[in-house]
Each structure stands twice: as structure tokens, then as C-alpha cells.
>>> print(open('work_13.cif').read())   # mmCIF, C-alpha atoms and all ligand atoms
data_protein
loop_
_atom_site.label_atom_id
_atom_site.label_comp_id
_atom_site.auth_asym_id
_atom_site.auth_seq_id
_atom_site.Cartn_x
_atom_site.Cartn_y
_atom_site.Cartn_z
CA MET I 216 -15.77 11.24 9.68
CA LEU I 217 -14.28 14.77 9.70
CA GLU I 218 -14.66 14.88 13.45
CA LYS I 219 -13.01 11.48 13.85
CA ILE I 220 -10.08 12.54 11.65
CA GLN I 221 -9.59 15.69 13.74
CA GLN I 222 -9.84 13.71 16.97
CA THR I 223 -7.19 11.24 15.80
CA LYS I 224 -4.99 14.05 14.50
CA ALA I 225 -5.19 15.84 17.87
CA PHE I 226 -4.26 12.63 19.70
CA LEU I 227 -1.24 12.11 17.43
CA ALA I 228 -0.21 15.75 17.84
CA SER I 229 -0.09 15.12 21.59
CA LYS I 230 2.40 12.28 20.95
CA THR I 231 4.69 13.79 18.32
CA GLN I 232 5.80 17.11 16.85
CA LEU I 233 6.96 15.46 13.64
CA LYS I 234 5.43 16.81 10.44
CA PRO I 235 5.58 13.98 7.90
CA LYS I 236 6.27 14.80 4.25
CA ALA I 237 5.35 11.35 2.99
CA GLY I 238 3.23 8.43 4.11
CA ILE I 239 4.31 4.82 3.73
CA VAL I 240 2.19 1.69 4.04
CA LEU I 241 4.71 -0.96 5.05
CA GLY I 242 2.93 -3.94 3.57
CA THR I 243 4.57 -7.22 2.74
CA GLY I 244 8.08 -6.56 1.44
CA LEU I 245 8.71 -3.35 3.30
CA GLY I 246 8.87 -4.66 6.85
CA ASN I 247 12.60 -4.13 6.74
CA LEU I 248 12.16 -0.42 6.04
CA SER I 249 10.92 0.09 9.60
CA THR I 250 14.43 -0.77 10.84
CA GLU I 251 15.85 2.00 8.65
CA ILE I 252 13.45 4.65 9.90
CA LYS I 253 14.92 6.65 12.75
CA ILE I 254 11.82 6.25 14.88
CA GLU I 255 10.77 9.16 17.02
CA THR I 256 7.43 7.77 18.15
CA ALA I 257 5.79 4.38 17.59
CA ILE I 258 2.13 4.12 18.56
CA PRO I 259 0.29 0.77 18.63
CA TYR I 260 -2.92 0.94 16.62
CA GLU I 261 -5.00 -0.11 19.62
CA GLU I 262 -3.97 3.12 21.39
CA ILE I 263 -5.02 5.38 18.52
CA PRO I 264 -8.60 6.64 18.71
CA ASN I 265 -10.77 5.53 15.77
CA PHE I 266 -8.17 3.10 14.38
CA PRO I 267 -9.20 -0.51 13.81
CA VAL I 268 -6.90 -3.19 15.28
CA SER I 269 -4.90 -5.44 12.95
CA THR I 270 -5.31 -9.19 13.40
CA VAL I 271 -3.53 -10.99 10.57
CA GLU I 272 -0.37 -13.01 11.10
CA GLY I 273 2.84 -11.36 9.91
CA HIS I 274 1.48 -7.84 10.26
CA SER I 275 2.10 -6.04 13.52
CA GLY I 276 0.13 -2.87 13.96
CA LYS I 277 1.91 0.35 14.78
CA LEU I 278 1.97 3.87 13.42
CA LEU I 279 5.57 5.03 13.15
CA PHE I 280 6.74 8.63 13.11
CA GLY I 281 10.38 9.24 12.28
CA THR I 282 12.89 10.20 9.67
CA LEU I 283 14.20 8.22 6.74
CA ASN I 284 17.44 9.68 5.36
CA GLY I 285 16.55 12.76 7.38
CA ILE I 286 13.13 13.16 5.77
CA PRO I 287 10.13 13.11 8.13
CA VAL I 288 7.73 10.27 7.38
CA VAL I 289 4.71 8.53 8.87
CA ALA I 290 4.54 4.81 8.28
CA MET I 291 1.90 2.17 8.89
CA GLN I 292 3.59 -0.96 10.14
CA GLY I 293 0.85 -3.34 9.11
CA ARG I 294 -2.33 -2.50 7.26
CA PHE I 295 -6.00 -3.34 7.50
CA HIS I 296 -7.48 -5.77 4.98
CA TYR I 297 -11.05 -6.23 3.81
CA TYR I 298 -10.81 -10.01 4.50
CA GLU I 299 -10.24 -9.30 8.19
CA GLY I 300 -13.82 -8.11 8.34
CA TYR I 301 -13.36 -4.34 8.37
CA SER I 302 -15.34 -2.11 6.05
CA LEU I 303 -13.27 -0.40 3.37
CA GLN I 304 -13.90 2.90 5.14
CA GLU I 305 -12.31 1.45 8.27
CA CYS I 306 -9.40 -0.03 6.27
CA THR I 307 -8.61 3.36 4.76
CA PHE I 308 -9.17 5.62 7.77
CA PRO I 309 -5.39 5.85 8.44
CA ILE I 310 -4.91 7.33 4.95
CA ARG I 311 -7.42 10.05 5.82
CA VAL I 312 -5.40 10.79 8.94
CA MET I 313 -2.11 10.85 7.02
CA LYS I 314 -3.57 13.49 4.68
CA ALA I 315 -4.61 15.57 7.69
CA LEU I 316 -1.02 15.28 8.95
CA GLY I 317 0.18 16.84 5.70
CA ILE I 318 1.71 14.05 3.62
CA GLU I 319 2.55 14.97 0.03
CA GLN I 320 2.91 11.44 -1.39
CA LEU I 321 1.83 7.92 -0.44
CA PHE I 322 4.06 4.88 -1.00
CA LEU I 323 2.68 1.37 -0.62
CA SER I 324 3.83 -2.21 -0.97
CA ASN I 325 2.21 -5.62 -1.12
CA ALA I 326 2.68 -9.23 -2.15
CA SER I 327 0.82 -10.63 -5.11
CA GLY I 328 0.38 -13.58 -7.39
CA GLY I 329 1.70 -12.97 -10.89
CA VAL I 330 -0.57 -13.89 -13.80
CA ASN I 331 1.75 -12.50 -16.50
CA ALA I 332 3.67 -15.37 -18.16
CA ASN I 333 6.84 -13.23 -18.28
CA PHE I 334 6.99 -12.86 -14.51
CA GLU I 335 9.12 -14.89 -12.13
CA VAL I 336 8.74 -15.53 -8.42
CA GLY I 337 10.65 -12.82 -6.56
CA ASP I 338 10.16 -10.13 -9.21
CA ILE I 339 9.25 -6.63 -8.12
CA MET I 340 6.34 -5.15 -10.05
CA LEU I 341 5.80 -1.42 -10.20
CA ILE I 342 2.04 -0.97 -10.18
CA THR I 343 1.03 1.26 -13.07
CA ASP I 344 -2.74 0.82 -12.77
CA HIS I 345 -5.28 -1.27 -10.92
CA ILE I 346 -8.63 -3.05 -11.21
CA ASN I 347 -10.88 -3.00 -8.19
CA LEU I 348 -12.53 -6.41 -7.88
CA LEU I 349 -13.37 -5.96 -4.22
CA PRO I 350 -17.11 -6.10 -3.63
CA ASP I 351 -17.13 -2.50 -2.42
CA ASN I 352 -15.57 0.93 -2.82
CA PRO I 353 -14.29 2.91 0.17
CA LEU I 354 -16.04 6.02 -1.17
CA ARG I 355 -19.51 4.43 -1.20
CA GLY I 356 -21.93 6.46 0.89
CA LYS I 357 -22.32 10.14 1.46
CA ASN I 358 -19.42 12.10 0.01
CA ILE I 359 -17.54 14.45 2.30
CA SER I 360 -16.77 17.32 -0.02
CA GLU I 361 -14.15 18.73 2.36
CA LEU I 362 -12.10 15.60 1.60
CA GLY I 363 -12.65 15.25 -2.13
CA PRO I 364 -15.15 15.13 -5.02
CA ARG I 365 -18.17 12.83 -5.33
CA PHE I 366 -16.83 11.34 -8.58
CA PRO I 367 -13.05 11.34 -8.33
CA ASP I 368 -10.97 11.15 -11.48
CA MET I 369 -8.92 7.94 -11.68
CA SER I 370 -7.00 8.59 -14.91
CA GLU I 371 -3.70 8.60 -13.03
CA PRO I 372 -4.10 6.30 -10.02
CA TYR I 373 -0.33 5.92 -9.77
CA ALA I 374 1.58 9.13 -10.43
CA LYS I 375 3.41 9.12 -13.75
CA ASN I 376 6.35 11.13 -12.42
CA LEU I 377 6.78 8.72 -9.49
CA ILE I 378 6.63 5.74 -11.87
CA ALA I 379 9.33 7.36 -14.03
CA SER I 380 11.49 8.09 -10.97
CA VAL I 381 11.23 4.51 -9.70
CA LYS I 382 12.18 3.13 -13.11
CA GLN I 383 15.23 5.38 -13.17
CA ILE I 384 16.22 4.40 -9.62
CA ALA I 385 15.87 0.70 -10.50
CA LYS I 386 17.99 1.18 -13.61
CA ASP I 387 20.71 3.09 -11.75
CA ASN I 388 20.89 0.37 -9.11
CA ASN I 389 20.66 -2.65 -11.42
CA ILE I 390 17.33 -3.74 -9.96
CA LYS I 391 15.11 -5.73 -12.29
CA ILE I 392 11.66 -4.23 -12.27
CA GLN I 393 8.44 -5.36 -13.93
CA GLU I 394 5.48 -3.08 -14.57
CA GLY I 395 1.84 -3.98 -14.55
CA VAL I 396 -1.77 -3.81 -13.51
CA TYR I 397 -2.74 -5.02 -10.04
CA ALA I 398 -6.16 -6.54 -9.42
CA ALA I 399 -7.52 -6.55 -5.88
CA LEU I 400 -9.76 -9.38 -4.72
CA SER I 401 -11.24 -9.79 -1.30
CA GLY I 402 -9.48 -13.02 -0.30
CA PRO I 403 -8.71 -14.60 2.13
CA THR I 404 -8.64 -17.57 -0.25
CA PHE I 405 -5.89 -17.52 -2.82
CA GLU I 406 -7.23 -17.91 -6.35
CA THR I 407 -8.37 -21.06 -8.11
CA PRO I 408 -6.71 -21.77 -11.47
CA ALA I 409 -9.87 -20.54 -13.23
CA GLU I 410 -9.80 -17.30 -11.22
CA TYR I 411 -6.13 -16.67 -12.07
CA LYS I 412 -7.01 -17.18 -15.74
CA PHE I 413 -9.96 -14.78 -15.46
CA ILE I 414 -7.72 -12.15 -13.85
CA GLN I 415 -5.18 -12.50 -16.64
CA ILE I 416 -7.86 -12.28 -19.35
CA ILE I 417 -9.36 -9.07 -17.99
CA GLY I 418 -6.00 -7.32 -18.26
CA ALA I 419 -4.22 -7.67 -14.93
CA ASP I 420 -0.64 -8.80 -14.38
CA ALA I 421 -0.88 -9.59 -10.68
CA VAL I 422 -3.51 -10.22 -8.04
CA GLY I 423 -3.61 -9.48 -4.35
CA MET I 424 -5.84 -8.51 -1.45
CA SER I 425 -4.86 -4.95 -0.58
CA THR I 426 -3.61 -1.53 -1.76
CA VAL I 427 -6.49 -0.57 -4.06
CA PRO I 428 -8.73 0.80 -1.26
CA GLU I 429 -5.90 2.94 0.12
CA VAL I 430 -5.07 4.27 -3.34
CA ILE I 431 -8.73 5.11 -4.06
CA VAL I 432 -8.96 7.10 -0.82
CA ALA I 433 -5.60 8.80 -1.43
CA ARG I 434 -6.66 9.81 -4.94
CA HIS I 435 -9.98 11.09 -3.58
CA MET I 436 -7.84 13.55 -1.58
CA ASP I 437 -5.46 14.16 -4.52
CA ILE I 438 -2.42 12.48 -2.94
CA PRO I 439 0.02 11.13 -5.58
CA CYS I 440 0.63 7.38 -5.09
CA MET I 441 3.39 4.91 -5.86
CA ALA I 442 3.06 1.19 -5.16
CA LEU I 443 5.38 -1.79 -5.49
CA SER I 444 4.33 -5.43 -5.49
CA ILE I 445 6.44 -8.51 -4.89
CA ILE I 446 5.45 -11.44 -7.05
CA THR I 447 5.48 -14.24 -4.50
CA ASP I 448 3.83 -16.95 -6.59
CA LEU I 449 2.55 -17.51 -10.10
CA GLY I 450 -1.03 -17.97 -11.23
CA VAL I 451 0.16 -18.87 -14.71
CA ASP I 452 -1.10 -22.01 -16.45
CA GLY I 453 1.37 -24.86 -15.87
CA LYS I 454 3.16 -23.00 -13.06
CA ILE I 455 0.43 -23.03 -10.42
CA ILE I 456 1.55 -24.83 -7.28
CA GLU I 457 0.19 -24.98 -3.76
CA ILE I 458 1.06 -21.82 -1.78
CA SER I 459 0.90 -20.71 1.82
CA HIS I 460 1.05 -17.43 3.69
CA GLU I 461 4.48 -18.50 5.03
CA GLU I 462 5.89 -18.95 1.51
CA VAL I 463 4.51 -15.58 0.49
CA GLN I 464 6.28 -13.98 3.48
CA GLN I 465 9.53 -15.82 2.69
CA VAL I 466 9.71 -14.70 -0.94
CA ALA I 467 8.78 -11.16 0.08
CA LYS I 468 11.54 -11.08 2.68
CA ALA I 469 14.16 -11.86 0.04
CA ALA I 470 13.06 -8.83 -2.01
CA GLU I 471 13.06 -6.44 0.96
CA PRO I 472 16.52 -4.88 0.50
CA LYS I 473 15.68 -3.85 -3.08
CA MET I 474 12.27 -2.51 -2.07
CA THR I 475 13.81 -0.53 0.77
CA LEU I 476 16.47 0.96 -1.48
CA ILE I 477 13.88 2.12 -4.01
CA ILE I 478 11.75 3.87 -1.37
CA LYS I 479 14.76 5.55 0.27
CA GLU I 480 16.09 6.85 -3.04
CA LEU I 481 12.66 8.04 -4.13
CA LEU I 482 12.17 9.97 -0.90
CA ALA I 483 15.59 11.58 -1.22
CA LYS I 484 14.84 12.55 -4.83
CA LEU I 485 11.51 14.15 -3.89
CA HIS I 486 12.38 15.88 -0.64
CA ASN I 487 16.10 16.76 -0.66
N1 LIG T 501 -3.31 -14.18 -4.73
C1 LIG T 501 -3.75 -13.23 -3.92
N2 LIG T 501 -3.00 -12.62 -3.05
C2 LIG T 501 -1.71 -12.94 -2.99
C3 LIG T 501 -1.18 -13.92 -3.82
C4 LIG T 501 -2.02 -14.58 -4.74
O1 LIG T 501 -1.62 -15.48 -5.50
N3 LIG T 501 0.13 -14.00 -3.52
C5 LIG T 501 0.37 -13.11 -2.54
N4 LIG T 501 -0.74 -12.46 -2.21
#
>>> encode(input="work_13.cif", output="C-alpha cells")
Amino acid sequence: MLEKIQQTKAFLASKTQLKPKAGIVLGTGLGNLSTEIKIETAIPYEEIPNFPVSTVEGHSGKLLFGTLNGIPVVAMQGRFHYYEGYSLQECTFPIRVMKALGIEQLFLSNASGGVNANFEVGDIMLITDHINLLPDNPLRGKNISELGPRFPDMSEPYAKNLIASVKQIAKDNNIKIQEGVYAALSGPTFETPAEYKFIQIIGADAVGMSTVPEVIVARHMDIPCMALSIITDLGVDGKIIEISHEEVQQVAKAAEPKMTLIIKELLAKLHN
């Protein structure tokens, strides 16, 4: 693994001089942000040694190096999901590389189904904690002590200071923001009504199929994380309707400007 990380880092160094201060996973809801990044280099995943290749609809796969408001960033345009068939170690390899490139924070976004009765479709939820319901953990196997501890602390999966900053930014810009716990399931099926109920009972506010593996790996390496989720449908009793990937994308698209604004302001606050 260490060798692979160094190999990938050396390849990227041959493509760009940029030294990113922050890493961004442009999941659902942040696609628009890629148009705001002044891109210096965009590298398709299939050209990057040791990277898996993204397959899912609506996610193109490129690693972007550029500046956002003048701040150097590295961004994943499209992520790798467990349901695509990759191991969680493969899904999270890009986060390992981002750490080697020197990022100081990791920002992520996703789409999710809300199971909190106070949520509405189109809400943005600031993830304050998570529950890993994936049938694996990306840290299973031999620990690489150069990267992090065998038993990583998870008392602050999402950095408290970043949560506070995002809440302030939302307030200053009149953006409604919900807060809550995100549960990650493997997918690719959306949940049955009984599964939504189970997720709500165990203490989650939203459910999706991503983000948690990346955050686990980032925390293993002590990178502070911040994640936003767009509530694209509701798994709340009486409000459950048929959903499709297309509808999820559509709702997420509508929330993009707000998501983009939050990330830009947060970066400026941290790095200016
Ligand atoms: N469940 C799981 N993943 C999702 C959902 C959902 O309801 N909505 C968007 N991503």
C-alpha cells in the first residue's frame, strides 16, 4: 500500500506542481463546484496508476487539481462506491493519495434519503456523525502504522470547528441547514419501508451509500472532515414514494448553488 501511494504520488507530481491545501470529494450535489475550480490539471482516473475506474451513471471520473478562490485544492470528480464491486480499500485509495499530497482538510458531499420526520426533500444536512452499516471497514486487515493507528479514535468523525463554521456560513447566507447522523448501507437497492424504519430507530437521520469509508480512512490519518448531504427523498412513514437515480440527481442539482457557496466560503475562512 505505501509503495502504491508513493507510485501514484510520483505520477501526479509529474503532471502538476500544485500543492493542494484541501481535498474535496465532489459527490452528488457538488458537481457544479468543478466549474468554479480554476482547473490546472484534470486527470482521468483510468490514467492514474492504482486508481480504480468509476462506472456508475452520473459520476464521471477525474482527479482535478486547481484553485478555488485562489486556494489550491485537489478534487475527485466522481467517487468509488462499494456497490460497484470495489473493496473498501480500493474505494478509499484516493484519500490515501490526497493525504500524501498534503491536504489539511477533507470536504465531502452525497445524496441521501431522509428518515427524520422534520426533513424535507431538498434540505441540506450537515453530517455530524455516522453509523457504518456497510458489511466491511476499509481498515480491516494488517494496519500500516505509517498511515495511522490500529484502533483509530472516532470520537470526532466530523470536525467540530468545521461544523461550527458551516453553521455560521449557512446563517450568514440565509441557507437552511439541517444537522444529523448519516448511516451508510451498501446499496445499490434503495431501502424498503422496514429498512428506513430500522435506520430511523437506530438513531440515524439520513441514509446513503457512500462517504463513511472515506471519512474512516481520513480519520485514520488524522485529517479533519466535513460532509454535507442533500436529502433527495424521504424514508419517513407515510411519505415514502417510488424513487429513481434520476430523481435523486435532479433534487441534488437544485441544491448545488448552496452547497458550492458553503464549500467556497469554508475554504476561504480556513486558508485566507
Ligand atoms: N437511500 C440510499 N441512498 C440514497 C437515498 C436513499 O433513500 N437517496 C439518495 N441516496
>>> residues_around(input="work_13.cif", residues="Tyr298 (chain I)", least_positions_apart="3", cutoff="6 Å", atoms="only C-alpha atoms", output="JSON, numbers by chain")
{"I": [401, 402, 403]}
>>> residues_around(input="work_13.cif", residues="region 429-441 of chain I", least_positions_apart="3", cutoff="6 Å", atoms="all atoms listed in the file", output="PDB file with C-alpha atoms, in the coordinates of the input")
ATOM      1  CA  THR I 307      -8.610   3.360   4.760  1.00  0.00           C
ATOM      2  CA  GLN I 320       2.910  11.440  -1.390  1.00  0.00           C
ATOM      3  CA  LEU I 321       1.830   7.920  -0.440  1.00  0.00           C
ATOM      4  CA  PHE I 322       4.060   4.880  -1.000  1.00  0.00           C
ATOM      5  CA  LEU I 362     -12.100  15.600   1.600  1.00  0.00           C
ATOM      6  CA  GLY I 363     -12.650  15.250  -2.130  1.00  0.00           C
ATOM      7  CA  PRO I 367     -13.050  11.340  -8.330  1.00  0.00           C
ATOM      8  CA  TYR I 373      -0.330   5.920  -9.770  1.00  0.00           C
ATOM      9  CA  ALA I 374       1.580   9.130 -10.430  1.00  0.00           C
ATOM     10  CA  THR I 426      -3.610  -1.530  -1.760  1.00  0.00           C
TER      11      THR I 426
END
>>> residues_around(input="work_13.cif", residues="Asn247 (chain I)", least_positions_apart="6", cutoff="8 Å", atoms="only C-alpha atoms", output="number ranges by chain")
I: 471-472, 475
>>> residues_near_ligand(input="work_13.cif", ligand="ligand LIG 501 (chain T)", cutoff="6 Å", atoms="all atoms listed in the file", output="mmCIF file with C-alpha atoms, in the frame of the given file")
data_model
loop_
_atom_site.group_PDB
_atom_site.id
_atom_site.type_symbol
_atom_site.label_atom_id
_atom_site.label_comp_id
_atom_site.auth_asym_id
_atom_site.auth_seq_id
_atom_site.Cartn_x
_atom_site.Cartn_y
_atom_site.Cartn_z
ATOM 1 C CA ALA I 326 2.680 -9.230 -2.150
ATOM 2 C CA SER I 327 0.820 -10.630 -5.110
ATOM 3 C CA GLY I 328 0.380 -13.580 -7.390
ATOM 4 C CA PHE I 405 -5.890 -17.520 -2.820
ATOM 5 C CA GLU I 406 -7.230 -17.910 -6.350
ATOM 6 C CA VAL I 422 -3.510 -10.220 -8.040
ATOM 7 C CA GLY I 423 -3.610 -9.480 -4.350
ATOM 8 C CA MET I 424 -5.840 -8.510 -1.450
ATOM 9 C CA THR I 447 5.480 -14.240 -4.500
ATOM 10 C CA ASP I 448 3.830 -16.950 -6.590
ATOM 11 C CA VAL I 463 4.510 -15.580 0.490
#
>>> residues_around(input="work_13.cif", residues="Ile342 (chain I)", least_positions_apart="2", cutoff="9 Å", atoms="all atoms listed in the file", output="JSON, numbers by chain")
{"I": [340, 344, 345, 373, 378, 393, 394, 395, 396, 397, 441, 442, 443, 444]}
>>> atom_distance(input="work_13.cif", atom1="CA of Val240 (chain I)", atom2="CA of Tyr411 (chain I)")
25.8 Å
>>> atom_distance(input="work_13.cif", atom1="CA of Asp420 (chain I)", atom2="CA of Gly450 (chain I)")
9.7 Å
>>> residues_near_point(input="work_13.cif", point="(4.5, 6.6, 3.2)", cutoff="8 Å", atoms="only C-alpha atoms", output="PyMOL selection string")
chain I and resi 237-241+288-291+318+320-323
>>> residues_around(input="work_13.cif", residues="Arg365 (chain I)", least_positions_apart="5", cutoff="10 Å", atoms="only C-alpha atoms", output="PDB file with C-alpha atoms, keeping the file's coordinate frame")
ATOM      1  CA  LEU I 354     -16.040   6.020  -1.170  1.00  0.00           C
ATOM      2  CA  ARG I 355     -19.510   4.430  -1.200  1.00  0.00           C
ATOM      3  CA  GLY I 356     -21.930   6.460   0.890  1.00  0.00           C
ATOM      4  CA  LYS I 357     -22.320  10.140   1.460  1.00  0.00           C
ATOM      5  CA  ASN I 358     -19.420  12.100   0.010  1.00  0.00           C
ATOM      6  CA  ILE I 359     -17.540  14.450   2.300  1.00  0.00           C
ATOM      7  CA  SER I 360     -16.770  17.320  -0.020  1.00  0.00           C
ATOM      8  CA  HIS I 435      -9.980  11.090  -3.580  1.00  0.00           C
TER       9      HIS I 435
END
>>> closest_residue(input="work_13.cif", among="I:Leu482, I:Ile390, I:Thr407, I:Gly293", to="Glu457 (chain I)", atoms="only C-alpha atoms")
I:Thr407
>>> closest_residue(input="work_13.cif", among="I:Ile254, I:Ile263, I:Val336, I:Ala398", to="Asn284 (chain I)", atoms="all atoms listed in the file")
I:Ile254
>>> residues_near_point(input="work_13.cif", point="(8.0, 16.2, 11.7)", cutoff="10 Å", atoms="all atoms listed in the file", output="JSON, numbers by chain")
{"I": [231, 232, 233, 234, 235, 236, 255, 280, 281, 282, 286, 287, 288, 289, 316, 317]}
>>> atom_distance(input="work_13.cif", atom1="CA of Ala228 (chain I)", atom2="CA of Lys277 (chain I)")
15.8 Å
>>> closest_residue(input="work_13.cif", among="I:Leu283, I:Ile446, I:Ile220, I:Ile339", to="Gln464 (chain I)", atoms="all atoms listed in the file")
I:Ile446
>>> closest_residue(input="work_13.cif", among="I:Lys479, I:Arg294, I:Lys386, I:Arg311", to="Leu248 (chain I)", atoms="all atoms listed in the file")
I:Lys479
>>> closest_residue(input="work_13.cif", among="I:Val330, I:Pro267, I:Asn487, I:Tyr297", to="Phe413 (chain I)", atoms="only C-alpha atoms")
I:Val330
>>> closest_residue(input="work_13.cif", among="I:His486, I:Lys224, I:Lys230, I:Lys219", to="Ala257 (chain I)", atoms="only C-alpha atoms")
I:Lys230
